[in-house]
$ cat target.tsv   # TSV, C-alpha atoms and all ligand atoms
chain	number	residue	atom	x	y	z
A	278	MET	CA	-5.99	-12.42	15.98
A	279	LYS	CA	-4.58	-8.94	16.57
A	280	THR	CA	-6.78	-5.86	16.74
A	281	ILE	CA	-5.73	-2.27	16.13
A	282	ARG	CA	-8.10	0.45	17.29
A	283	VAL	CA	-7.71	3.41	14.99
A	284	ASN	CA	-8.53	6.84	16.40
A	285	LEU	CA	-8.29	9.54	13.79
A	286	LYS	CA	-9.93	12.97	13.81
A	287	ASN	CA	-12.67	11.85	11.45
A	288	SER	CA	-12.75	8.12	11.98
A	289	CYS	CA	-12.63	5.50	14.70
A	290	HIS	CA	-12.50	1.97	13.46
A	291	GLU	CA	-10.89	-1.40	14.01
A	292	ILE	CA	-8.35	-3.28	11.97
A	293	LEU	CA	-8.55	-7.03	12.52
A	294	ILE	CA	-5.48	-9.04	11.51
A	295	GLY	CA	-5.49	-12.81	11.71
A	296	ARG	CA	-6.19	-16.18	10.16
A	297	GLY	CA	-9.46	-17.62	8.93
A	298	LEU	CA	-11.22	-14.26	9.11
A	299	LEU	CA	-12.94	-14.37	5.71
A	300	SER	CA	-15.32	-17.10	6.79
A	301	VAL	CA	-16.39	-15.18	9.91
A	302	ALA	CA	-16.54	-11.69	8.35
A	303	GLY	CA	-20.36	-11.74	8.40
A	304	ARG	CA	-20.43	-12.35	12.14
A	305	PHE	CA	-18.03	-9.47	12.84
A	306	LEU	CA	-20.14	-7.09	10.78
A	307	LEU	CA	-23.39	-8.21	12.36
A	308	LYS	CA	-21.87	-7.73	15.81
A	309	LYS	CA	-20.93	-4.17	14.84
A	310	GLY	CA	-24.57	-3.45	14.04
A	311	TYR	CA	-24.53	-3.70	10.27
A	312	ALA	CA	-27.33	-5.46	8.40
A	313	GLY	CA	-29.14	-5.46	5.08
A	314	LYS	CA	-27.54	-5.00	1.69
A	315	ALA	CA	-23.85	-5.45	0.92
A	316	ALA	CA	-22.09	-4.80	-2.38
A	317	LEU	CA	-19.05	-7.06	-2.66
A	318	ILE	CA	-16.66	-5.28	-5.04
A	319	THR	CA	-13.75	-7.36	-6.27
A	320	ASN	CA	-11.94	-8.47	-9.42
A	321	ASN	CA	-12.24	-11.67	-11.41
A	322	ILE	CA	-9.12	-13.27	-9.87
A	323	VAL	CA	-9.98	-12.55	-6.25
A	324	ASP	CA	-13.63	-13.39	-6.82
A	325	ARG	CA	-12.70	-16.85	-8.05
A	326	LEU	CA	-10.52	-17.42	-4.98
A	327	TYR	CA	-12.54	-15.88	-2.18
A	328	GLY	CA	-15.84	-14.51	-3.51
A	329	ASP	CA	-17.94	-17.53	-2.49
A	330	LYS	CA	-16.42	-17.77	0.97
A	331	ILE	CA	-17.05	-14.12	1.83
A	332	ALA	CA	-20.52	-13.99	0.26
A	333	ARG	CA	-21.52	-17.15	2.16
A	334	SER	CA	-20.21	-15.75	5.43
A	335	LEU	CA	-22.30	-12.61	5.04
A	336	GLU	CA	-25.39	-14.45	3.85
A	337	GLU	CA	-25.25	-16.75	6.87
A	338	SER	CA	-25.43	-13.60	8.99
A	339	GLY	CA	-28.50	-12.39	7.12
A	340	PHE	CA	-26.95	-9.93	4.64
A	341	THR	CA	-28.15	-9.70	1.04
A	342	VAL	CA	-24.95	-9.77	-1.01
A	343	THR	CA	-24.52	-8.59	-4.58
A	344	ARG	CA	-21.16	-9.28	-6.24
A	345	MET	CA	-19.78	-6.55	-8.49
A	346	ILE	CA	-16.80	-7.78	-10.44
A	347	ILE	CA	-14.21	-5.66	-12.22
A	348	GLN	CA	-11.49	-7.08	-14.47
A	349	ASP	CA	-8.04	-7.41	-12.91
A	350	GLY	CA	-5.51	-4.65	-13.59
A	351	GLU	CA	-4.16	-1.28	-12.52
A	352	GLN	CA	-5.93	0.39	-15.47
A	353	GLN	CA	-9.24	-0.47	-13.80
A	354	LYS	CA	-8.63	2.33	-11.31
A	355	SER	CA	-10.57	4.65	-13.62
A	356	LEU	CA	-13.63	6.86	-13.68
A	357	ASP	CA	-15.14	4.40	-16.19
A	358	SER	CA	-14.93	1.59	-13.64
A	359	ALA	CA	-16.37	3.90	-10.98
A	360	ILE	CA	-19.30	4.79	-13.25
A	361	HIS	CA	-19.91	1.10	-13.94
A	362	LEU	CA	-20.03	0.47	-10.18
A	363	TYR	CA	-22.34	3.47	-9.54
A	364	LYS	CA	-24.76	1.96	-12.05
A	365	GLU	CA	-24.55	-1.43	-10.38
A	366	LEU	CA	-25.31	0.23	-7.05
A	367	GLN	CA	-28.27	2.00	-8.62
A	368	LYS	CA	-29.61	-1.34	-9.88
A	369	ILE	CA	-29.75	-2.74	-6.34
A	370	HIS	CA	-31.26	0.50	-5.02
A	371	ALA	CA	-28.32	1.03	-2.70
A	372	ASP	CA	-29.07	3.43	0.12
A	373	ARG	CA	-26.81	5.14	2.65
A	374	LYS	CA	-26.70	2.00	4.77
A	375	THR	CA	-25.60	-0.33	1.99
A	376	LEU	CA	-22.19	-1.74	2.87
A	377	ILE	CA	-19.37	-1.56	0.35
A	378	LEU	CA	-16.99	-4.48	0.78
A	379	ALA	CA	-13.69	-3.80	-1.01
A	380	VAL	CA	-12.20	-7.26	-1.50
A	381	GLY	CA	-8.78	-7.39	-3.16
A	382	GLY	CA	-5.45	-5.63	-3.45
A	383	GLY	CA	-4.77	-1.90	-3.48
A	384	VAL	CA	-6.40	-1.43	-6.87
A	385	ILE	CA	-9.79	-2.66	-5.66
A	386	GLY	CA	-9.34	-0.90	-2.30
A	387	ASP	CA	-8.69	2.46	-3.95
A	388	LEU	CA	-11.44	2.08	-6.56
A	389	ALA	CA	-14.15	0.65	-4.29
A	390	GLY	CA	-13.14	3.16	-1.60
A	391	PHE	CA	-13.55	6.01	-4.09
A	392	VAL	CA	-16.99	4.70	-5.07
A	393	ALA	CA	-17.97	4.33	-1.40
A	394	ALA	CA	-16.82	7.90	-0.71
A	395	THR	CA	-18.79	9.43	-3.57
A	396	TYR	CA	-21.98	7.41	-4.05
A	397	LEU	CA	-24.79	9.14	-2.14
A	398	ARG	CA	-22.02	11.23	-0.52
A	399	GLY	CA	-20.70	8.24	1.34
A	400	LEU	CA	-21.55	4.62	2.07
A	401	PRO	CA	-20.03	2.53	4.87
A	402	LEU	CA	-16.80	0.96	3.62
A	403	ILE	CA	-15.29	-2.33	4.77
A	404	HIS	CA	-11.82	-3.10	3.47
A	405	ILE	CA	-11.05	-6.80	3.09
A	406	PRO	CA	-7.50	-6.54	1.73
A	407	THR	CA	-6.05	-9.67	0.12
A	408	THR	CA	-2.46	-8.65	-0.75
A	409	LEU	CA	0.37	-8.02	1.66
A	410	LEU	CA	0.64	-4.38	0.52
A	411	ALA	CA	-3.09	-3.79	0.86
A	412	GLN	CA	-3.12	-5.13	4.44
A	413	PHE	CA	-0.47	-2.88	5.95
A	414	ASP	CA	-0.55	0.03	3.54
A	415	SER	CA	-3.36	0.85	1.11
A	416	SER	CA	-6.24	-0.04	3.46
A	417	ILE	CA	-4.81	2.37	6.03
A	418	GLY	CA	-4.80	6.14	5.92
A	419	GLY	CA	-7.96	6.85	3.98
A	420	LYS	CA	-6.55	7.74	0.58
A	421	VAL	CA	-8.91	6.61	-2.18
A	422	ALA	CA	-8.47	7.52	-5.83
A	423	VAL	CA	-8.69	6.66	-9.49
A	424	HIS	CA	-6.33	7.58	-12.33
A	425	LEU	CA	-7.11	10.08	-15.08
A	426	GLY	CA	-5.50	8.94	-18.32
A	427	GLN	CA	-1.80	8.46	-17.64
A	428	VAL	CA	-1.82	10.56	-14.47
A	429	LYS	CA	-2.06	8.38	-11.40
A	430	ASN	CA	-4.38	8.86	-8.43
A	431	VAL	CA	-5.42	12.42	-9.37
A	432	ILE	CA	-9.14	12.05	-8.79
A	433	GLY	CA	-9.64	11.14	-5.19
A	434	THR	CA	-10.36	12.06	-1.63
A	435	PHE	CA	-9.76	10.92	1.94
A	436	TYR	CA	-12.29	8.37	3.11
A	437	ASN	CA	-11.71	6.02	5.99
A	438	PRO	CA	-13.24	2.57	6.26
A	439	ASP	CA	-15.60	1.46	9.02
A	440	MET	CA	-13.57	-1.69	9.50
A	441	VAL	CA	-10.58	-3.48	7.98
A	442	ILE	CA	-10.60	-7.28	7.98
A	443	SER	CA	-7.14	-8.57	7.07
A	444	ASP	CA	-6.99	-12.33	6.67
A	445	ILE	CA	-3.37	-13.40	6.28
A	446	ASP	CA	-4.45	-16.77	4.86
A	447	THR	CA	-5.05	-14.90	1.59
A	448	PHE	CA	-1.26	-14.61	1.16
A	449	TYR	CA	-1.00	-18.30	0.23
A	450	SER	CA	-2.60	-17.76	-3.16
A	451	LEU	CA	-0.48	-14.72	-4.03
A	452	PRO	CA	2.18	-15.01	-6.75
A	453	ALA	CA	5.63	-14.87	-5.08
A	454	GLY	CA	6.52	-11.63	-6.89
A	455	ILE	CA	3.54	-9.80	-5.37
A	456	VAL	CA	4.59	-10.88	-1.86
A	457	ILE	CA	8.17	-9.70	-2.43
A	458	ASP	CA	6.89	-6.40	-3.81
A	459	GLY	CA	4.91	-5.90	-0.60
A	460	LEU	CA	7.94	-6.83	1.47
A	461	SER	CA	9.86	-3.97	-0.10
A	462	GLU	CA	7.42	-1.46	1.42
A	463	ILE	CA	7.49	-3.26	4.78
A	464	ILE	CA	11.28	-2.83	4.84
A	465	LYS	CA	10.63	0.80	3.89
A	466	HIS	CA	8.42	1.26	6.96
A	467	ALA	CA	11.14	-0.20	9.19
A	468	VAL	CA	13.82	2.09	7.72
A	469	ILE	CA	11.58	5.13	8.18
A	470	ARG	CA	10.50	4.54	11.73
A	471	ASP	CA	11.63	1.47	13.60
A	472	GLY	CA	15.16	0.09	13.89
A	473	SER	CA	14.13	-2.82	16.08
A	474	PHE	CA	11.48	-3.85	13.53
A	475	PHE	CA	14.25	-3.78	10.92
A	476	ASN	CA	16.24	-6.21	13.09
A	477	TYR	CA	13.16	-8.39	13.47
A	478	LEU	CA	12.76	-8.51	9.68
A	479	ALA	CA	16.44	-9.34	9.23
A	480	SER	CA	16.25	-12.18	11.79
A	481	ASN	CA	13.06	-13.63	10.34
A	482	ILE	CA	13.51	-13.10	6.62
A	483	ASN	CA	13.44	-16.82	5.79
A	484	LYS	CA	10.24	-17.33	7.78
A	485	ILE	CA	8.73	-14.35	5.99
A	486	LYS	CA	9.63	-15.80	2.62
A	487	SER	CA	7.99	-19.08	3.55
A	488	LEU	CA	4.93	-17.14	4.84
A	489	ASP	CA	5.17	-18.37	8.44
A	490	LYS	CA	1.79	-17.47	9.92
A	491	GLU	CA	2.91	-16.04	13.22
A	492	VAL	CA	5.61	-13.91	11.63
A	493	MET	CA	3.30	-12.69	8.84
A	494	GLU	CA	0.67	-11.64	11.39
A	495	GLN	CA	3.35	-9.78	13.34
A	496	ILE	CA	4.82	-7.92	10.36
A	497	VAL	CA	1.42	-6.85	9.02
A	498	TYR	CA	0.54	-5.61	12.52
A	499	THR	CA	3.77	-3.69	13.17
A	500	SER	CA	3.88	-2.25	9.69
A	501	ALA	CA	0.25	-1.11	9.95
A	502	GLU	CA	1.03	0.52	13.32
A	503	ILE	CA	3.96	2.38	11.76
A	504	LYS	CA	1.83	3.71	8.93
A	505	LEU	CA	-0.91	4.74	11.37
A	506	SER	CA	1.50	6.56	13.66
A	507	ILE	CA	2.54	8.71	10.70
A	508	VAL	CA	-0.97	9.17	9.27
A	509	LYS	CA	-2.28	10.24	12.69
A	510	LYS	CA	0.09	13.22	12.73
A	511	ASP	CA	-0.74	14.27	9.16
A	512	GLU	CA	-4.09	12.85	8.09
A	513	HIS	CA	-4.37	14.98	4.96
A	514	ASP	CA	-0.82	14.65	3.74
A	515	TYR	CA	0.49	18.19	4.18
A	516	GLY	CA	3.87	17.33	5.66
A	517	LEU	CA	5.09	14.37	7.70
A	518	ARG	CA	3.22	11.79	5.60
A	519	ASN	CA	5.73	12.58	2.89
A	520	ILE	CA	8.27	10.39	4.64
A	521	LEU	CA	6.29	7.36	3.45
A	522	ASN	CA	7.71	8.20	0.03
A	523	LEU	CA	11.17	6.92	0.96
A	524	GLY	CA	12.54	5.22	-2.15
A	525	HIS	CA	9.80	6.61	-4.37
A	526	THR	CA	11.59	9.61	-5.94
A	527	LEU	CA	14.15	7.46	-7.71
A	528	GLY	CA	11.79	4.46	-7.63
A	529	HIS	CA	9.13	6.14	-9.78
A	530	ALA	CA	11.83	7.32	-12.17
A	531	VAL	CA	13.16	3.76	-12.54
A	532	GLU	CA	9.64	2.45	-13.15
A	533	THR	CA	9.06	5.10	-15.81
A	534	ALA	CA	12.47	4.74	-17.46
A	535	SER	CA	11.94	0.96	-17.66
A	536	ASP	CA	8.50	1.46	-19.25
A	537	PHE	CA	7.10	-0.22	-16.13
A	538	LYS	CA	9.00	-3.47	-16.71
A	539	VAL	CA	10.52	-3.03	-13.24
A	540	SER	CA	7.76	-3.73	-10.69
A	541	HIS	CA	6.80	-1.08	-8.13
A	542	GLY	CA	8.27	-2.98	-5.16
A	543	SER	CA	11.55	-3.63	-7.00
A	544	ALA	CA	11.71	0.01	-8.04
A	545	VAL	CA	11.16	1.12	-4.43
A	546	ALA	CA	13.99	-1.19	-3.29
A	547	ILE	CA	16.31	0.38	-5.88
A	548	GLY	CA	15.00	3.81	-4.86
A	549	MET	CA	15.73	3.12	-1.18
A	550	MET	CA	19.27	2.04	-2.05
A	551	GLY	CA	19.62	5.24	-4.10
A	552	ALA	CA	18.37	7.43	-1.26
A	553	ALA	CA	20.70	5.61	1.15
A	554	LYS	CA	23.69	6.07	-1.16
A	555	ILE	CA	22.88	9.77	-1.59
A	556	SER	CA	22.56	10.17	2.16
A	557	ASN	CA	25.84	8.31	2.67
A	558	ARG	CA	27.62	10.59	0.17
A	559	MET	CA	26.25	13.60	2.06
A	560	ASN	CA	27.71	12.09	5.27
A	561	LEU	CA	24.26	11.67	6.77
A	562	PHE	CA	24.01	7.86	6.70
A	563	SER	CA	26.73	5.45	7.82
A	564	GLY	CA	28.39	2.90	5.56
A	565	SER	CA	27.48	0.10	7.96
A	566	ASP	CA	23.76	1.00	7.86
A	567	LEU	CA	24.00	1.14	4.06
A	568	GLU	CA	25.39	-2.39	4.09
A	569	ARG	CA	22.68	-3.62	6.45
A	570	LEU	CA	19.99	-2.22	4.17
A	571	GLU	CA	21.58	-3.73	1.08
A	572	ASP	CA	21.92	-7.08	2.81
A	573	LEU	CA	18.28	-7.23	3.93
A	574	LEU	CA	16.92	-6.18	0.54
A	575	LYS	CA	19.06	-8.82	-1.16
A	576	ARG	CA	17.99	-11.54	1.25
A	577	ALA	CA	14.37	-10.53	0.68
A	578	GLY	CA	14.91	-11.21	-3.03
A	579	LEU	CA	14.79	-7.57	-4.05
A	580	PRO	CA	17.14	-5.81	-6.50
A	581	VAL	CA	19.82	-3.47	-5.15
A	582	THR	CA	21.61	-2.60	-8.37
A	583	LEU	CA	20.55	-0.04	-10.90
A	584	PRO	CA	19.10	-1.80	-13.95
A	585	ASP	CA	20.69	-1.04	-17.30
A	586	LEU	CA	18.54	1.97	-18.13
A	587	ASN	CA	19.26	5.24	-19.82
A	588	LYS	CA	20.46	7.54	-17.01
A	589	ASP	CA	19.27	10.66	-18.83
A	590	ARG	CA	15.78	9.16	-18.92
A	591	ILE	CA	15.99	8.47	-15.18
A	592	MET	CA	17.03	12.08	-14.49
A	593	GLU	CA	14.29	13.37	-16.76
A	594	ALA	CA	11.72	11.23	-14.94
A	595	ILE	CA	13.00	12.45	-11.56
A	596	HIS	CA	12.45	16.01	-12.74
A	597	TYR	CA	8.91	15.29	-13.84
A	598	ASP	CA	8.11	13.62	-10.58
A	599	LYS	CA	5.37	15.28	-8.59
A	600	LYS	CA	7.65	15.62	-5.60
A	601	ILE	CA	9.42	18.52	-7.28
A	602	ALA	CA	9.01	21.37	-4.85
A	603	LYS	CA	9.67	24.80	-6.39
A	604	GLY	CA	12.33	23.54	-8.75
A	605	THR	CA	14.10	21.33	-6.24
A	606	ILE	CA	13.85	17.57	-6.10
A	607	ARG	CA	12.47	16.15	-2.89
A	608	PHE	CA	14.24	13.14	-1.45
A	609	ILE	CA	13.46	11.27	1.72
A	610	LEU	CA	16.88	10.45	3.15
A	611	PRO	CA	17.61	7.86	5.83
A	612	VAL	CA	19.90	9.19	8.56
A	613	LYS	CA	19.98	5.86	10.39
A	614	ILE	CA	17.95	2.65	10.19
A	615	GLY	CA	14.70	3.82	11.78
A	616	LYS	CA	14.92	7.55	11.03
A	617	VAL	CA	14.59	9.67	7.89
A	618	ILE	CA	14.56	13.35	6.98
A	619	ILE	CA	12.83	15.22	4.16
A	620	SER	CA	15.33	17.04	1.97
A	621	ASP	CA	14.74	19.52	-0.84
A	622	SER	CA	18.42	20.33	-1.11
A	623	VAL	CA	20.16	17.29	-2.55
A	624	PRO	CA	22.73	18.72	-4.97
A	625	ARG	CA	22.26	17.54	-8.55
A	626	GLU	CA	25.96	16.46	-8.68
A	627	ILE	CA	25.39	14.00	-5.84
A	628	ILE	CA	22.50	12.35	-7.70
A	629	ASP	CA	24.66	12.17	-10.84
A	630	GLN	CA	27.57	10.69	-8.88
A	631	VAL	CA	25.37	8.03	-7.28
A	632	LEU	CA	23.87	7.04	-10.62
A	633	ALA	CA	27.28	7.00	-12.32
A	634	ASN	CA	29.10	4.98	-9.62
A	635	TRP	CA	26.32	2.69	-8.45
A	636	ASN	CA	27.51	-0.80	-9.21
B	1	LIG	N1	-4.52	4.18	-0.83
B	1	LIG	C1	-3.26	4.11	-0.46
B	1	LIG	O1	-2.83	4.69	0.54
B	1	LIG	C2	-2.31	3.28	-1.29
B	1	LIG	C3	-1.05	2.96	-0.78
B	1	LIG	C4	-0.21	2.15	-1.54
B	1	LIG	C5	-0.64	1.68	-2.78
B	1	LIG	N2	-1.88	2.03	-3.23
B	1	LIG	C6	-2.36	1.53	-4.53
B	1	LIG	O2	-2.44	0.11	-4.46
B	1	LIG	C7	-2.30	-0.42	-5.77
B	1	LIG	C8	-1.36	-1.60	-5.73
B	1	LIG	O3	-1.90	-2.55	-4.83
B	1	LIG	P1	-1.47	-4.11	-4.88
B	1	LIG	O4	0.00	-4.19	-4.88
B	1	LIG	O5	-2.25	-4.80	-3.83
B	1	LIG	O6	-1.88	-4.53	-6.36
B	1	LIG	P2	-3.20	-5.17	-6.99
B	1	LIG	O7	-4.42	-4.70	-6.32
B	1	LIG	O8	-3.10	-4.96	-8.46
B	1	LIG	O9	-3.01	-6.72	-6.68
B	1	LIG	C9	-1.90	-7.39	-7.24
B	1	LIG	C10	-2.34	-8.64	-8.01
B	1	LIG	O10	-2.69	-9.66	-7.08
B	1	LIG	C11	-3.99	-10.18	-7.37
B	1	LIG	N3	-4.51	-10.62	-6.09
B	1	LIG	C12	-5.01	-9.89	-5.07
B	1	LIG	N4	-5.20	-10.65	-3.99
B	1	LIG	C13	-4.84	-11.90	-4.33
B	1	LIG	C14	-4.76	-13.14	-3.63
B	1	LIG	N5	-5.05	-13.20	-2.33
B	1	LIG	N6	-4.33	-14.23	-4.29
B	1	LIG	C15	-3.94	-14.15	-5.60
B	1	LIG	N7	-3.95	-13.03	-6.30
B	1	LIG	C16	-4.40	-11.91	-5.67
B	1	LIG	C17	-4.69	-9.03	-8.02
B	1	LIG	O11	-5.77	-9.49	-8.80
B	1	LIG	C18	-3.56	-8.43	-8.87
B	1	LIG	O12	-3.41	-9.16	-10.06
B	1	LIG	C19	-1.85	0.72	-6.67
B	1	LIG	O13	-2.93	1.15	-7.45
B	1	LIG	C20	-1.44	1.81	-5.69
B	1	LIG	O14	-1.63	3.10	-6.22
B	1	LIG	C21	-2.71	2.80	-2.51
B	2	ZN	ZN	4.87	2.45	-3.10
$ encode --input "target.tsv" --output "structure tokens"
Amino acid sequence: MKTIRVNLKNSCHEILIGRGLLSVAGRFLLKKGYAGKAALITNNIVDRLYGDKIARSLEESGFTVTRMIIQDGEQQKSLDSAIHLYKELQKIHADRKTLILAVGGGVIGDLAGFVAATYLRGLPLIHIPTTLLAQFDSSIGGKVAVHLGQVKNVIGTFYNPDMVISDIDTFYSLPAGIVIDGLSEIIKHAVIRDGSFFNYLASNINKIKSLDKEVMEQIVYTSAEIKLSIVKKDEHDYGLRNILNLGHTLGHAVETASDFKVSHGSAVAIGMMGAAKISNRMNLFSGSDLERLEDLLKRAGLPVTLPDLNKDRIMEAIHYDKKIAKGTIRFILPVKIGKVIISDSVPREIIDQVLANWN
């Protein structure tokens, strides 16, 4: 097991990464001084897979566990779901010591985290992330939110957990597409911050795809450390944290223009290729690094070509993207593998040229 000790301005907590952790979660929590009631918030899919195991582990350590189950799906990140959970918490007479266990992917983490942040002005939150993305990304950095209608993540706050328990054994039940989607954002972290991690990913890509335990533990750990190093310098997302959006300017536009038929991870891979091509055209990023990125994304099973979508719709979506800063479009541009810059001055012609000459 690997342990990360997180020291932020408003939160000190541990992230535990390892195997077989779900069945000993109760003991960890007891050791940290927690006791009493716990609300296990999850969805129907994750509950079927891991609900019993986690509930049993806590009950063996003396906790009283109530399971609160939401239906699966991104649309569940809503105020309606939050209200449903507030009412469930009211039913069990939750008090300020009642633990919220957020068990699932990023959707459950964001929703249960939002509920934990707001109910009684804050209940202790334990993230038990069960997707690759949730383990190195969404359970770290304290962003919790729900959507409002079509607008994503607009109702939210910053609320850090008291502990993160990341059991990599949960990856074995994940659909392959969800793992590859998560891998896209791991590659993103390497491109942003860590050239040697990029090399590690390239050397171990086959082991990653077969979910080799040692390698999975290592990549969750390193990727979590990368995210933390950025979050630490910009906890409330006023500047540096923006670099985590590498691949997301064009990525979001591709998702939108495809009516969300292209998955988020695939869109981010395409978006990273786009940002790299733009940077290359601006003479900021070398052709050989561009090839290395393309090669790793391909070997990971991610798309590197622009899908057959209406380019005007892509441009329109880029313009509507929230990263528009005073009329300019914000791109995160790689300048080498392991380093990026924030740019508000990518000329429109360069974007057009990249889209027109992609394949
Ligand atoms: N808070 C943050 O900083 C942050 C960062 C990145 C993403 N997010 C959010 O995270 C969400 C995406 O998270 P995600 O990719 O984990 O998606 P998700 O939570 O929808 O999970 C993906 C799918 O996998 C299923 N699942 C979860 N664990 C499983 C397991 N172990 N075995 C089998 N199936 C399992 C889920 O039920 C779901 O169908 C988005 O809402 C996004 O906005 C938040
Ligand atoms: Zn993303």
$ residues_around --input "target.tsv" --residues "Asp446 (chain A)" --least-positions-apart "2" --cutoff "9 Å" --atoms "only C-alpha atoms" --output "VMD selection string"
chain A and resid 295 to 299 407 443 to 444 448 to 450 490
$ atom_distance --input "target.tsv" --atom1 "CA of His596 (chain A)" --atom2 "CA of Val617 (chain A)"
21.7 Å
$ closest_atom_pairs --input "target.tsv" --of "chain A" --to "ligand ZN 2 (chain B)" --cutoff "12 Å" --atoms "all atoms listed in the file" --output "CSV"
residue,atom,partner,partner_atom,distance
A:Gly383,CA,B:ZN2,ZN,10.6
A:Leu410,CA,B:ZN2,ZN,8.8
A:Ala411,CA,B:ZN2,ZN,10.9
A:Phe413,CA,B:ZN2,ZN,11.8
A:Asp414,CA,B:ZN2,ZN,8.9
A:Ser415,CA,B:ZN2,ZN,9.4
A:Asp458,CA,B:ZN2,ZN,9.1
A:Gly459,CA,B:ZN2,ZN,8.7
A:Leu460,CA,B:ZN2,ZN,10.8
A:Ser461,CA,B:ZN2,ZN,8.7
A:Glu462,CA,B:ZN2,ZN,6.5
A:Ile463,CA,B:ZN2,ZN,10.1
A:Ile464,CA,B:ZN2,ZN,11.5
A:Lys465,CA,B:ZN2,ZN,9.2
A:His466,CA,B:ZN2,ZN,10.7
A:Asn519,CA,B:ZN2,ZN,11.8
A:Ile520,CA,B:ZN2,ZN,11.6
A:Leu521,CA,B:ZN2,ZN,8.3
A:Asn522,CA,B:ZN2,ZN,7.1
A:Leu523,CA,B:ZN2,ZN,8.7
A:Gly524,CA,B:ZN2,ZN,8.2
A:His525,CA,B:ZN2,ZN,6.6
A:Thr526,CA,B:ZN2,ZN,10.2
A:Leu527,CA,B:ZN2,ZN,11.5
A:Gly528,CA,B:ZN2,ZN,8.5
A:His529,CA,B:ZN2,ZN,8.7
A:Glu532,CA,B:ZN2,ZN,11.1
A:Ser540,CA,B:ZN2,ZN,10.2
A:His541,CA,B:ZN2,ZN,6.4
A:Gly542,CA,B:ZN2,ZN,6.7
A:Ser543,CA,B:ZN2,ZN,9.8
A:Ala544,CA,B:ZN2,ZN,8.8
A:Val545,CA,B:ZN2,ZN,6.6
A:Ala546,CA,B:ZN2,ZN,9.8
A:Ile547,CA,B:ZN2,ZN,12.0
A:Gly548,CA,B:ZN2,ZN,10.4
A:Met549,CA,B:ZN2,ZN,11.0
$ write_last_selection --input "target.tsv" --atoms "C-alpha atoms" --output "short mmCIF file (atom, residue, chain, number, x, y, z; two decimals), keeping the file's coordinate frame"
data_model
loop_
_atom_site.label_atom_id
_atom_site.label_comp_id
_atom_site.auth_asym_id
_atom_site.auth_seq_id
_atom_site.Cartn_x
_atom_site.Cartn_y
_atom_site.Cartn_z
CA GLY A 383 -4.77 -1.90 -3.48
CA LEU A 410 0.64 -4.38 0.52
CA ALA A 411 -3.09 -3.79 0.86
CA PHE A 413 -0.47 -2.88 5.95
CA ASP A 414 -0.55 0.03 3.54
CA SER A 415 -3.36 0.85 1.11
CA ASP A 458 6.89 -6.40 -3.81
CA GLY A 459 4.91 -5.90 -0.60
CA LEU A 460 7.94 -6.83 1.47
CA SER A 461 9.86 -3.97 -0.10
CA GLU A 462 7.42 -1.46 1.42
CA ILE A 463 7.49 -3.26 4.78
CA ILE A 464 11.28 -2.83 4.84
CA LYS A 465 10.63 0.80 3.89
CA HIS A 466 8.42 1.26 6.96
CA ASN A 519 5.73 12.58 2.89
CA ILE A 520 8.27 10.39 4.64
CA LEU A 521 6.29 7.36 3.45
CA ASN A 522 7.71 8.20 0.03
CA LEU A 523 11.17 6.92 0.96
CA GLY A 524 12.54 5.22 -2.15
CA HIS A 525 9.80 6.61 -4.37
CA THR A 526 11.59 9.61 -5.94
CA LEU A 527 14.15 7.46 -7.71
CA GLY A 528 11.79 4.46 -7.63
CA HIS A 529 9.13 6.14 -9.78
CA GLU A 532 9.64 2.45 -13.15
CA SER A 540 7.76 -3.73 -10.69
CA HIS A 541 6.80 -1.08 -8.13
CA GLY A 542 8.27 -2.98 -5.16
CA SER A 543 11.55 -3.63 -7.00
CA ALA A 544 11.71 0.01 -8.04
CA VAL A 545 11.16 1.12 -4.43
CA ALA A 546 13.99 -1.19 -3.29
CA ILE A 547 16.31 0.38 -5.88
CA GLY A 548 15.00 3.81 -4.86
CA MET A 549 15.73 3.12 -1.18
#
$ residues_around --input "target.tsv" --residues "Ile627 (chain A)" --least-positions-apart "3" --cutoff "9 Å" --atoms "all atoms listed in the file" --output "PyMOL selection string"
chain A and resi 555+558-559+623-624+630-632
$ residues_near_ligand --input "target.tsv" --ligand "ligand LIG 1 (chain B)" --cutoff "8 Å" --atoms "only C-alpha atoms and all ligand atoms" --output "ChimeraX atom specification"
/A:320-323,326-327,349-351,354,381-387,406-411,414-422,429-430,447-452,455,458-459
$ atom_distance --input "target.tsv" --atom1 "CA of Lys613 (chain A)" --atom2 "CA of Met493 (chain A)"
25.0 Å
$ atom_distance --input "target.tsv" --atom1 "CA of Ala316 (chain A)" --atom2 "CA of Ile360 (chain A)"
14.8 Å
$ closest_residue --input "target.tsv" --among "A:Ser334, A:Thr319, A:Asn284, A:Thr533" --to "Tyr597 (chain A)" --atoms "all atoms listed in the file"
A:Thr533
$ closest_atom_pairs --input "target.tsv" --of "region 283-360 of chain A" --to "region 499-515 of chain A" --cutoff "10 Å" --atoms "all atoms listed in the file" --output "tab-separated table"
residue	atom	partner	partner_atom	distance
A:Val283	CA	A:Leu505	CA	7.8
A:Asn284	CA	A:Lys509	CA	8.0
A:Leu285	CA	A:Lys509	CA	6.1
A:Lys286	CA	A:Glu512	CA	8.2
A:Asn287	CA	A:Glu512	CA	9.3
A:Ile292	CA	A:Ala501	CA	9.1
A:Ile294	CA	A:Ala501	CA	9.9
$ closest_residue --input "target.tsv" --among "A:Asn483, A:Gln412, A:Gln352, A:Ser300" --to "Asp329 (chain A)" --atoms "only C-alpha atoms"
A:Ser300
$ axis_aligned_box --input "target.tsv" --around "region 480-490 of chain A" --padding-each-side "8 Å" --output "lines of an AutoDock Vina configuration file"
center_x = 9.0
center_y = -15.6
center_z = 7.2
size_x = 30.5
size_y = 22.9
size_z = 25.2
